[in-house]
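I have placed the structure first, in the form of structure tokens, so that the comments after it can refer back to it.
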Amino acid sequence: MPGVDALIARCRTEIAPGAVHVPDWLSADRQRQLVRACRAWARPPLGMEHIRLPGGGLMSVRTVCLGRRWRPYRYTDEPVEPLPRWLAELGRAAVAQTLGGPYDPDVALVNFYDDAATMGMHQDRDERATAAVVSLSLGDACVFRFGNTATRSRPWNDVRLESGDLFVFGGPSRLAFHGVRRILPGTGPHGLIRGRLNITLRQSGLGPPGRLP
């Protein structure tokens with residue numbers, strides 16, 4: 001029934017040990033700032049691309065990397081825009097308010113989902129550091145599936161992530177399988193963006209760019 005979801009309070013929830021969902025963490029102004037920044041990062045020549053998987057297929061999301069370029073399944077020294085200090089500070093605040101402890105992100109992946117894009121169940125295991133992953137959602141809502149660390153199969157939780165939501169996973173959930181089942185078109189704030197932007201911050205543990213072992 002239209003409007004019913006708006007009547008149900010969305011509360012901070014620990015989805016699994018070390019995995020925390022905080023609804024409406026980003027203010028409307030901060031969301032607009034992030035969308036403007038994503039549009040700037042998406043411009044050529046270092047803009048968004050459909051990343052090719054080892055089997056030859058293209059991912060349905062379009063991606064732009066900051067700090068280091070990610071390729072399946074590694075980081076490379078290809079040129080990218082630097083990770084802005086203000087975005088790293090936002091990641092530090094996210095971890096401080098959820099899991100606690102220090103956090104020094106040096107990489108961000110910005111993924112754009114159109115209405116048909118999805119993300120299969122996978123682990124974020126290309127980093128050498130074990131620090132948490134910080135996920136920020138902008139635009140249309142999605143059904144985010146958060147599973148376990150052993151298998152892509154059950155048990156899992158399906159979480160609706162809306163524009164402005166924060167999701168942080170670390171500690172015992174750092175290597176949990178997760179993915180995006182579907183996008184819910186037309187559910188984002190009016191005038192913000194059509195589709196979904198997802199910014200994930202990570203701590204690579206690789207040292208400064210240009211010094212890959």
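For the structure tokens, the naming scheme is as follows: chains receive sequential letters (A, B, ...) according to their order of presentation, residues are indexed from 1 within each chain, and ligands are indexed from 1 in presentation order.
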- Task: Give me the residues within 8 Å of range 160-174 of chain A as a VMD selection string, counting only C-alpha atoms and dropping any in the same chain fewer than 4 places off.
- Result: chain A and resid 16 to 28 31 94 to 95 98 to 99 124 130 to 144 148 to 149 188 to 189
- Nearby residues (only C-alpha atoms) at most 9 Å from Val180 in chain A, same-chain spacing under 4 positions excluded, as an MDAnalysis selection string: chainID A and resid 117:121 142:146
Could you save the residues just selected, with N, CA and C atoms, as an mmCIF file, in the first residue's frame?
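Output contents, as saved in result.cif:
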data_model
loop_
_atom_site.group_PDB
_atom_site.id
_atom_site.type_symbol
_atom_site.label_atom_id
_atom_site.label_comp_id
_atom_site.auth_asym_id
_atom_site.auth_seq_id
_atom_site.Cartn_x
_atom_site.Cartn_y
_atom_site.Cartn_z
ATOM 1 N N ALA A 117 20.500 -2.958 -13.174
ATOM 2 C CA ALA A 117 21.793 -3.426 -12.664
ATOM 3 C C ALA A 117 21.632 -4.203 -11.359
ATOM 4 N N THR A 118 22.515 -5.179 -11.174
ATOM 5 C CA THR A 118 22.568 -5.968 -9.945
ATOM 6 C C THR A 118 24.038 -6.203 -9.597
ATOM 7 N N MET A 119 24.251 -6.813 -8.445
ATOM 8 C CA MET A 119 25.604 -7.213 -8.044
ATOM 9 C C MET A 119 25.502 -8.584 -7.386
ATOM 10 N N GLY A 120 26.192 -9.569 -7.964
ATOM 11 C CA GLY A 120 26.137 -10.919 -7.422
ATOM 12 C C GLY A 120 26.800 -11.014 -6.058
ATOM 13 N N MET A 121 26.502 -12.084 -5.354
ATOM 14 C CA MET A 121 27.076 -12.298 -4.021
ATOM 15 C C MET A 121 28.590 -12.464 -4.135
ATOM 16 N N CYS A 142 17.552 0.066 -2.862
ATOM 17 C CA CYS A 142 17.876 -1.252 -3.401
ATOM 18 C C CYS A 142 17.582 -2.307 -2.351
ATOM 19 N N VAL A 143 17.505 -3.542 -2.807
ATOM 20 C CA VAL A 143 17.450 -4.693 -1.895
ATOM 21 C C VAL A 143 18.866 -5.241 -1.804
ATOM 22 N N PHE A 144 19.464 -5.072 -0.644
ATOM 23 C CA PHE A 144 20.847 -5.457 -0.380
ATOM 24 C C PHE A 144 20.830 -6.760 0.407
ATOM 25 N N ARG A 145 21.509 -7.757 -0.114
ATOM 26 C CA ARG A 145 21.555 -9.067 0.563
ATOM 27 C C ARG A 145 22.887 -9.209 1.290
ATOM 28 N N PHE A 146 22.819 -9.414 2.604
ATOM 29 C CA PHE A 146 24.020 -9.574 3.424
ATOM 30 C C PHE A 146 24.024 -10.972 4.012
#
- Which of range 51-152 of chain A counts as strand (DSSP E) under DSSP, as JSON, numbers by chain please? {"A": [62, 63, 64, 65, 66, 69, 70, 71, 74, 75, 76, 107, 108, 109, 110, 111, 112, 113, 119, 120, 121, 122, 133, 134, 135, 136, 137, 138, 139, 141, 142, 143, 144, 145, 146]}
What would the file look like if the residues just selected were written as a PDB file, in the first residue's frame with C-alpha atoms?
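result-v7.pdb, written as the output of this step:
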ATOM      1  CA  ARG A  62      29.380   1.294 -13.936  1.00  0.00           C
ATOM      2  CA  THR A  63      32.344   2.052 -11.687  1.00  0.00           C
ATOM      3  CA  VAL A  64      34.853   4.792 -11.012  1.00  0.00           C
ATOM      4  CA  CYS A  65      37.706   4.299  -8.547  1.00  0.00           C
ATOM      5  CA  LEU A  66      39.395   6.799  -6.237  1.00  0.00           C
ATOM      6  CA  ARG A  69      42.007   1.437  -9.472  1.00  0.00           C
ATOM      7  CA  TRP A  70      40.300  -1.876  -8.787  1.00  0.00           C
ATOM      8  CA  ARG A  71      40.355  -4.654 -11.362  1.00  0.00           C
ATOM      9  CA  ARG A  74      43.206  -6.803  -7.407  1.00  0.00           C
ATOM     10  CA  TYR A  75      44.279  -3.173  -7.168  1.00  0.00           C
ATOM     11  CA  THR A  76      46.522  -1.717  -9.845  1.00  0.00           C
ATOM     12  CA  VAL A 107      40.372   3.638  -1.666  1.00  0.00           C
ATOM     13  CA  ALA A 108      36.799   4.269  -2.748  1.00  0.00           C
ATOM     14  CA  LEU A 109      34.714   2.482  -5.380  1.00  0.00           C
ATOM     15  CA  VAL A 110      31.754   4.429  -6.747  1.00  0.00           C
ATOM     16  CA  ASN A 111      29.179   2.185  -8.430  1.00  0.00           C
ATOM     17  CA  PHE A 112      26.222   3.440 -10.456  1.00  0.00           C
ATOM     18  CA  TYR A 113      23.201   1.131 -10.792  1.00  0.00           C
ATOM     19  CA  MET A 119      25.604  -7.213  -8.044  1.00  0.00           C
ATOM     20  CA  GLY A 120      26.137 -10.919  -7.422  1.00  0.00           C
ATOM     21  CA  MET A 121      27.076 -12.298  -4.021  1.00  0.00           C
ATOM     22  CA  HIS A 122      30.772 -11.706  -3.412  1.00  0.00           C
ATOM     23  CA  VAL A 133      34.070  -1.428   4.604  1.00  0.00           C
ATOM     24  CA  VAL A 134      31.909   1.710   4.685  1.00  0.00           C
ATOM     25  CA  SER A 135      28.979   1.848   2.254  1.00  0.00           C
ATOM     26  CA  LEU A 136      26.971   5.011   1.468  1.00  0.00           C
ATOM     27  CA  SER A 137      23.761   4.889  -0.587  1.00  0.00           C
ATOM     28  CA  LEU A 138      22.392   7.673  -2.800  1.00  0.00           C
ATOM     29  CA  GLY A 139      19.328   7.822  -5.039  1.00  0.00           C
ATOM     30  CA  ALA A 141      16.606   2.281  -2.896  1.00  0.00           C
ATOM     31  CA  CYS A 142      17.876  -1.252  -3.401  1.00  0.00           C
ATOM     32  CA  VAL A 143      17.450  -4.693  -1.895  1.00  0.00           C
ATOM     33  CA  PHE A 144      20.847  -5.457  -0.380  1.00  0.00           C
ATOM     34  CA  ARG A 145      21.555  -9.067   0.563  1.00  0.00           C
ATOM     35  CA  PHE A 146      24.020  -9.574   3.424  1.00  0.00           C
TER      36      PHE A 146
END
- Message: For a test of reading the model, state the distance in Å between CA of Val80 in chain A and CA of Arg68 in chain A, rounded to one decimal.
- Response: 6.2 Å
- Proximity to Arg36 in chain A - best of A:Asp158, A:Ile193, A:Arg152, A:Leu53, only C-alpha atoms: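 Answer, going by the shortest atom-to-atom distance: A:Ile193.
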- Pick the closest to Gln33 in chain A from A:Asp104, A:Asp115, A:Trp86, A:Ser153: which is it, counting only C-alpha atoms? A:Trp86
- Item | Residues within 12 Å of Pro84 in chain A, only C-alpha atoms, excluding chain neighbours under 3 positions, as a ChimeraX atom specification | /A:34,37-38,41,65-67,80-81,87-91,105-108,201
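Taking CA of His178 in chain A and CA of Arg10 in chain A as endpoints, the distance between them is 20.9 Å.
Near Asp114 in chain A, within 8 Å and counting only C-alpha atoms, sit A:Val61, A:Ile183, A:Arg194, A:Gly195, A:Arg196; same-chain residues fewer than 5 positions away were not included.
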Take the residues from that selection and write them out as an mmCIF file, in the first residue's frame, keeping N, CA, C and O atoms.
data_model
loop_
_atom_site.group_PDB
_atom_site.id
_atom_site.type_symbol
_atom_site.label_atom_id
_atom_site.label_comp_id
_atom_site.auth_asym_id
_atom_site.auth_seq_id
_atom_site.Cartn_x
_atom_site.Cartn_y
_atom_site.Cartn_z
ATOM 1 N N VAL A 61 26.930 -2.847 -13.364
ATOM 2 C CA VAL A 61 27.137 -1.524 -12.776
ATOM 3 C C VAL A 61 28.256 -0.816 -13.527
ATOM 4 O O VAL A 61 29.087 -1.444 -14.186
ATOM 5 N N ILE A 183 17.266 -3.032 -7.919
ATOM 6 C CA ILE A 183 17.036 -1.617 -7.690
ATOM 7 C C ILE A 183 15.525 -1.364 -7.697
ATOM 8 O O ILE A 183 14.781 -2.024 -8.431
ATOM 9 N N ARG A 194 18.494 9.846 -10.799
ATOM 10 C CA ARG A 194 17.742 8.665 -11.206
ATOM 11 C C ARG A 194 18.704 7.491 -11.224
ATOM 12 O O ARG A 194 19.770 7.551 -11.827
ATOM 13 N N GLY A 195 18.348 6.385 -10.563
ATOM 14 C CA GLY A 195 19.259 5.265 -10.376
ATOM 15 C C GLY A 195 19.861 5.316 -8.975
ATOM 16 O O GLY A 195 19.442 6.115 -8.128
ATOM 17 N N ARG A 196 20.829 4.466 -8.745
ATOM 18 C CA ARG A 196 21.450 4.384 -7.425
ATOM 19 C C ARG A 196 22.958 4.552 -7.537
ATOM 20 O O ARG A 196 23.602 3.942 -8.398
#
